>>> print(open('final19.pdb').read())   # PDB, C-alpha atoms, pLDDT in the B column
ATOM      1  CA  MET A   1      -2.454 -13.859  15.264  1.00 52.00           C
ATOM      2  CA  LYS A   2      -3.196 -15.476  11.912  1.00 55.00           C
ATOM      3  CA  GLY A   3      -5.261 -12.416  10.888  1.00 56.00           C
ATOM      4  CA  LYS A   4      -2.351 -10.075  11.687  1.00 54.00           C
ATOM      5  CA  PHE A   5       0.014 -12.243   9.664  1.00 48.00           C
ATOM      6  CA  ASN A   6      -2.343 -12.264   6.652  1.00 51.00           C
ATOM      7  CA  PHE A   7      -2.752  -8.498   6.914  1.00 49.00           C
ATOM      8  CA  LYS A   8       1.029  -8.023   7.004  1.00 51.00           C
ATOM      9  CA  ILE A   9       1.516 -10.307   3.998  1.00 52.00           C
ATOM     10  CA  GLY A  10      -1.239  -8.448   2.124  1.00 49.00           C
ATOM     11  CA  ALA A  11       0.356  -5.098   2.950  1.00 47.00           C
ATOM     12  CA  LEU A  12       3.765  -6.395   1.883  1.00 45.00           C
ATOM     13  CA  CYS A  13       2.288  -7.628  -1.418  1.00 46.00           C
ATOM     14  CA  ALA A  14       0.668  -4.235  -2.038  1.00 47.00           C
ATOM     15  CA  ILE A  15       3.903  -2.377  -1.344  1.00 52.00           C
ATOM     16  CA  LEU A  16       5.994  -4.690  -3.498  1.00 46.00           C
ATOM     17  CA  SER A  17       3.427  -4.531  -6.289  1.00 48.00           C
ATOM     18  CA  ALA A  18       3.544  -0.745  -6.231  1.00 47.00           C
ATOM     19  CA  MET A  19       7.328  -0.839  -6.350  1.00 51.00           C
ATOM     20  CA  LEU A  20       7.251  -3.030  -9.436  1.00 47.00           C
ATOM     21  CA  VAL A  21       4.757  -0.771 -11.173  1.00 44.00           C
ATOM     22  CA  MET A  22       6.946   2.285 -10.593  1.00 46.00           C
ATOM     23  CA  PRO A  23       9.928   2.699 -12.884  1.00 47.00           C
ATOM     24  CA  ALA A  24      12.940   0.967 -11.413  1.00 48.00           C
ATOM     25  CA  LEU A  25      15.248   3.905 -10.703  1.00 42.00           C
ATOM     26  CA  GLY A  26      15.436   5.153 -14.238  1.00 42.00           C
ATOM     27  CA  GLN A  27      14.828   1.896 -16.040  1.00 45.00           C
ATOM     28  CA  ALA A  28      11.362   2.945 -17.123  1.00 45.00           C
ATOM     29  CA  LYS A  29       9.865   1.781 -20.351  1.00 50.00           C
ATOM     30  CA  GLY A  30       8.741   3.911 -23.231  1.00 59.00           C
ATOM     31  CA  GLU A  31       9.162   7.651 -23.324  1.00 69.00           C
ATOM     32  CA  GLU A  32      10.644   8.053 -19.847  1.00 63.00           C
ATOM     33  CA  GLY A  33      13.192   5.295 -20.477  1.00 67.00           C
ATOM     34  CA  ALA A  34      14.194   6.910 -23.756  1.00 75.00           C
ATOM     35  CA  ARG A  35      14.598  10.284 -22.011  1.00 74.00           C
ATOM     36  CA  TYR A  36      16.742   8.651 -19.334  1.00 73.00           C
ATOM     37  CA  LYS A  37      19.041   7.044 -21.902  1.00 75.00           C
ATOM     38  CA  GLU A  38      19.203  10.265 -23.896  1.00 81.00           C
ATOM     39  CA  LYS A  39      20.116  12.251 -20.775  1.00 78.00           C
ATOM     40  CA  ARG A  40      22.810   9.734 -19.774  1.00 77.00           C
ATOM     41  CA  ASP A  41      24.269   9.870 -23.288  1.00 78.00           C
ATOM     42  CA  GLN A  42      24.218  13.682 -23.144  1.00 81.00           C
ATOM     43  CA  LEU A  43      25.924  13.575 -19.754  1.00 81.00           C
ATOM     44  CA  ILE A  44      28.709  11.417 -21.150  1.00 80.00           C
ATOM     45  CA  LYS A  45      29.191  13.829 -24.063  1.00 80.00           C
ATOM     46  CA  GLU A  46      29.294  16.810 -21.662  1.00 81.00           C
ATOM     47  CA  LEU A  47      32.204  15.172 -19.864  1.00 83.00           C
ATOM     48  CA  LYS A  48      34.154  15.382 -23.141  1.00 84.00           C
ATOM     49  CA  LEU A  49      35.688  11.981 -22.599  1.00 85.00           C
ATOM     50  CA  ALA A  50      38.121  10.468 -25.043  1.00 87.00           C
ATOM     51  CA  PRO A  51      36.294   8.429 -27.711  1.00 89.00           C
ATOM     52  CA  GLU A  52      37.491   5.095 -26.277  1.00 92.00           C
ATOM     53  CA  LYS A  53      36.314   6.098 -22.770  1.00 90.00           C
ATOM     54  CA  GLU A  54      32.958   7.245 -24.150  1.00 89.00           C
ATOM     55  CA  LYS A  55      32.526   3.939 -25.945  1.00 91.00           C
ATOM     56  CA  ALA A  56      33.458   2.033 -22.779  1.00 92.00           C
ATOM     57  CA  MET A  57      30.955   4.072 -20.726  1.00 90.00           C
ATOM     58  CA  LEU A  58      28.162   3.282 -23.185  1.00 89.00           C
ATOM     59  CA  ALA A  59      29.102  -0.408 -23.095  1.00 93.00           C
ATOM     60  CA  VAL A  60      28.898  -0.375 -19.280  1.00 93.00           C
ATOM     61  CA  GLN A  61      25.455   1.241 -19.440  1.00 90.00           C
ATOM     62  CA  ASP A  62      24.194  -1.346 -21.917  1.00 91.00           C
ATOM     63  CA  LYS A  63      25.618  -4.215 -19.862  1.00 94.00           C
ATOM     64  CA  PHE A  64      23.843  -3.131 -16.696  1.00 93.00           C
ATOM     65  CA  ALA A  65      20.610  -2.214 -18.487  1.00 91.00           C
ATOM     66  CA  ARG A  66      20.394  -5.816 -19.741  1.00 93.00           C
ATOM     67  CA  GLU A  67      21.195  -7.124 -16.265  1.00 95.00           C
ATOM     68  CA  ARG A  68      18.483  -4.985 -14.672  1.00 93.00           C
ATOM     69  CA  LYS A  69      15.931  -6.082 -17.256  1.00 94.00           C
ATOM     70  CA  GLU A  70      16.537  -9.689 -16.217  1.00 94.00           C
ATOM     71  CA  ILE A  71      16.287  -8.746 -12.536  1.00 95.00           C
ATOM     72  CA  ILE A  72      13.005  -6.894 -13.116  1.00 94.00           C
ATOM     73  CA  ASP A  73      11.572  -9.823 -15.065  1.00 94.00           C
ATOM     74  CA  GLY A  74      12.439 -12.165 -12.171  1.00 93.00           C
ATOM     75  CA  MET A  75      10.896  -9.790  -9.633  1.00 93.00           C
ATOM     76  CA  LYS A  76       7.713  -9.481 -11.674  1.00 94.00           C
ATOM     77  CA  LYS A  77       7.381 -13.271 -11.815  1.00 93.00           C
ATOM     78  CA  ALA A  78       8.008 -13.569  -8.080  1.00 91.00           C
ATOM     79  CA  ASN A  79       5.446 -10.820  -7.460  1.00 92.00           C
ATOM     80  CA  VAL A  80       2.780 -12.588  -9.528  1.00 93.00           C
ATOM     81  CA  ASP A  81       3.540 -15.852  -7.728  1.00 92.00           C
ATOM     82  CA  LEU A  82       3.380 -14.097  -4.344  1.00 91.00           C
ATOM     83  CA  GLN A  83       0.037 -12.542  -5.162  1.00 92.00           C
ATOM     84  CA  ALA A  84      -1.352 -15.918  -6.189  1.00 91.00           C
ATOM     85  CA  ALA A  85       0.047 -17.653  -3.104  1.00 91.00           C
ATOM     86  CA  SER A  86      -1.238 -15.008  -0.698  1.00 89.00           C
ATOM     87  CA  ALA A  87      -4.697 -15.035  -2.309  1.00 88.00           C
ATOM     88  CA  ALA A  88      -5.203 -18.675  -1.335  1.00 85.00           C
ATOM     89  CA  ALA A  89      -7.668 -19.392   1.474  1.00 85.00           C
ATOM     90  CA  ASN A  90      -4.908 -20.932   3.593  1.00 88.00           C
ATOM     91  CA  PRO A  91      -1.604 -19.607   2.244  1.00 86.00           C
ATOM     92  CA  ASP A  92       1.408 -21.854   2.661  1.00 87.00           C
ATOM     93  CA  GLU A  93       3.677 -19.863   4.959  1.00 89.00           C
ATOM     94  CA  ALA A  94       6.823 -21.602   3.709  1.00 90.00           C
ATOM     95  CA  LYS A  95       5.932 -20.738   0.109  1.00 89.00           C
ATOM     96  CA  LEU A  96       5.162 -17.127   1.099  1.00 90.00           C
ATOM     97  CA  LYS A  97       8.479 -16.865   2.902  1.00 92.00           C
ATOM     98  CA  GLU A  98      10.290 -18.242  -0.148  1.00 92.00           C
ATOM     99  CA  LEU A  99       8.553 -15.770  -2.490  1.00 91.00           C
ATOM    100  CA  VAL A 100       9.175 -12.812  -0.179  1.00 92.00           C
ATOM    101  CA  SER A 101      12.839 -13.832  -0.087  1.00 93.00           C
ATOM    102  CA  ALA A 102      12.897 -13.952  -3.890  1.00 92.00           C
ATOM    103  CA  LEU A 103      11.508 -10.419  -4.096  1.00 92.00           C
ATOM    104  CA  THR A 104      13.886  -8.994  -1.529  1.00 94.00           C
ATOM    105  CA  ALA A 105      16.801 -10.763  -3.222  1.00 94.00           C
ATOM    106  CA  GLY A 106      15.732  -9.143  -6.491  1.00 94.00           C
ATOM    107  CA  GLN A 107      15.699  -5.732  -4.842  1.00 94.00           C
ATOM    108  CA  ASP A 108      19.156  -6.376  -3.408  1.00 96.00           C
ATOM    109  CA  LYS A 109      20.405  -7.377  -6.870  1.00 96.00           C
ATOM    110  CA  MET A 110      18.876  -4.220  -8.345  1.00 95.00           C
ATOM    111  CA  PHE A 111      20.632  -1.943  -5.868  1.00 95.00           C
ATOM    112  CA  ALA A 112      23.894  -3.853  -6.324  1.00 96.00           C
ATOM    113  CA  SER A 113      23.540  -3.463 -10.091  1.00 95.00           C
ATOM    114  CA  PHE A 114      23.346   0.337  -9.806  1.00 93.00           C
ATOM    115  CA  LYS A 115      26.305   0.398  -7.418  1.00 95.00           C
ATOM    116  CA  ASN A 116      28.381  -1.852  -9.658  1.00 96.00           C
ATOM    117  CA  GLN A 117      27.542   0.284 -12.700  1.00 94.00           C
ATOM    118  CA  ARG A 118      28.572   3.435 -10.880  1.00 93.00           C
ATOM    119  CA  ASP A 119      31.829   1.812  -9.752  1.00 95.00           C
ATOM    120  CA  GLU A 120      32.664   0.596 -13.266  1.00 95.00           C
ATOM    121  CA  GLU A 121      31.866   3.986 -14.788  1.00 93.00           C
ATOM    122  CA  LEU A 122      33.954   5.853 -12.227  1.00 94.00           C
ATOM    123  CA  ALA A 123      36.859   3.471 -12.788  1.00 95.00           C
ATOM    124  CA  LEU A 124      36.985   4.670 -16.405  1.00 93.00           C
ATOM    125  CA  MET A 125      37.375   8.351 -15.405  1.00 92.00           C
ATOM    126  CA  THR A 126      39.961  10.625 -13.906  1.00 92.00           C
ATOM    127  CA  PRO A 127      39.164  12.174 -10.502  1.00 94.00           C
ATOM    128  CA  ALA A 128      38.180  15.471 -12.183  1.00 92.00           C
ATOM    129  CA  GLU A 129      35.845  13.634 -14.575  1.00 90.00           C
ATOM    130  CA  GLN A 130      34.423  11.652 -11.659  1.00 92.00           C
ATOM    131  CA  ALA A 131      33.660  14.842  -9.745  1.00 93.00           C
ATOM    132  CA  LYS A 132      31.971  16.490 -12.718  1.00 90.00           C
ATOM    133  CA  TYR A 133      30.031  13.314 -13.497  1.00 89.00           C
ATOM    134  CA  LEU A 134      28.720  12.865  -9.950  1.00 90.00           C
ATOM    135  CA  LEU A 135      27.835  16.547  -9.521  1.00 91.00           C
ATOM    136  CA  THR A 136      26.027  16.700 -12.862  1.00 88.00           C
ATOM    137  CA  LEU A 137      24.226  13.445 -12.175  1.00 85.00           C
ATOM    138  CA  GLY A 138      23.132  14.737  -8.764  1.00 89.00           C
ATOM    139  CA  GLN A 139      21.784  17.960 -10.282  1.00 89.00           C
ATOM    140  CA  TRP A 140      19.921  16.010 -12.945  1.00 85.00           C
ATOM    141  CA  ARG A 141      18.330  13.697 -10.379  1.00 84.00           C
ATOM    142  CA  GLN A 142      17.296  16.695  -8.277  1.00 91.00           C
ATOM    143  CA  LYS A 143      15.604  18.276 -11.302  1.00 88.00           C
ATOM    144  CA  MET A 144      13.785  15.010 -11.992  1.00 84.00           C
ATOM    145  CA  MET A 145      12.586  14.787  -8.396  1.00 90.00           C
ATOM    146  CA  ASP A 146      11.443  18.423  -8.426  1.00 90.00           C
ATOM    147  CA  LYS A 147       9.516  17.803 -11.646  1.00 88.00           C
ATOM    148  CA  ARG A 148       7.848  14.688 -10.207  1.00 88.00           C
ATOM    149  CA  ASN A 149       6.977  16.496  -6.969  1.00 90.00           C
ATOM    150  CA  LYS A 150       5.380  19.356  -8.912  1.00 89.00           C
ATOM    151  CA  LYS A 151       3.424  16.872 -11.015  1.00 87.00           C
ATOM    152  CA  ALA A 152       2.253  14.991  -7.907  1.00 87.00           C
ATOM    153  CA  ALA A 153       1.219  18.245  -6.227  1.00 87.00           C
ATOM    154  CA  LYS A 154      -0.697  19.290  -9.332  1.00 86.00           C
ATOM    155  CA  GLU A 155      -2.508  15.926  -9.457  1.00 86.00           C
ATOM    156  CA  LYS A 156      -3.586  16.253  -5.808  1.00 83.00           C
ATOM    157  CA  LYS A 157      -5.394  19.528  -6.546  1.00 75.00           C
TER
END
>>> encode(input="final19.pdb", output="structure tokens")
Amino acid sequence: MKGKFNFKIGALCAILSAMLVMPALGQAKGEEGARYKEKRDQLIKELKLAPEKEKAMLAVQDKFARERKEIIDGMKKANVDLQAASAAANPDEAKLKELVSALTAGQDKMFASFKNQRDEELALMTPAEQAKYLLTLGQWRQKMMDKRNKKAAKEKK
């Protein structure tokens, strides 16, 4: 039983570690993060919003980008702590449970952050602007996924 539990904790650590290494739903660093921000800015300009709405949209994006950076930093710390705790010869199950809870709470905060950003952005727009925004955003995400799938397929060969 103890061996199964350790295996499950190890698998959970590996999965969570991989999730932290991957860009957090568009909050990637470096070139990809810059492309994401550039594309979002372009999307806002394509909507042809009034200048005050455009400025408000950019402020909402900045607000949530800062929030997500803090969330990611907390998740990285919890992940490092979880790896250290699970590497011990006899891991403290209470400590592991606490650290797993911290990671899952971070994930919940991350998803809530994206939802809250979307809600705040949509609140700034008319229904027609909302429709165009969501449709354009969906097309953009589909293109990104297609590009990543092609790249992954190419790397497998």
>>> atom_distance(input="final19.pdb", atom1="CA of Lys55 in chain A", atom2="CA of Asn116 in chain A")
17.8 Å
>>> atom_distance(input="final19.pdb", atom1="CA of Asp119 in chain A", atom2="CA of Leu47 in chain A")
16.8 Å
>>> atom_distance(input="final19.pdb", atom1="CA of Lys147 in chain A", atom2="CA of Lys45 in chain A")
23.6 Å
>>> residues_around(input="final19.pdb", residues="range 81-84 of chain A", least_positions_apart="3", cutoff="7 Å", atoms="only C-alpha atoms", output="MDAnalysis selection string")
chainID A and resid 13 77:78 87:88 96 99
>>> residues_around(input="final19.pdb", residues="Gln61 in chain A", least_positions_apart="2", cutoff="10 Å", atoms="only C-alpha atoms", output="list of chain:residue names")
A:Lys37, A:Arg40, A:Asp41, A:Lys55, A:Ala56, A:Met57, A:Leu58, A:Ala59, A:Lys63, A:Phe64, A:Ala65, A:Arg66, A:Glu67, A:Phe114, A:Gln117, A:Arg118, A:Glu120, A:Glu121
>>> resolve_selection(input="final19.pdb", expression="the PyMOL selection byres ((chain A and resi 101-103) around 9)", output="list in words")
Leu16, Gly74, Met75, Lys76, Ala78, Asn79, Leu82, Leu96, Lys97, Glu98, Leu99, Val100, Thr104, Ala105, Gly106, Gln107 and Asp108 of chain A
>>> closest_residue(input="final19.pdb", among="A:Ala34, A:Ala131, A:Met110, A:Ala123", to="Glu70 in chain A", atoms="only C-alpha atoms")
A:Met110
>>> closest_residue(input="final19.pdb", among="A:Arg68, A:Lys132, A:Lys157, A:Lys39", to="Phe111 in chain A", atoms="only C-alpha atoms")
A:Arg68
>>> residues_around(input="final19.pdb", residues="Met144 in chain A", least_positions_apart="3", cutoff="12 Å", atoms="all atoms listed in the file", output="NGL selection string")
:A and (25-26 or 32 or 35-36 or 39 or 137-141 or 147-151)
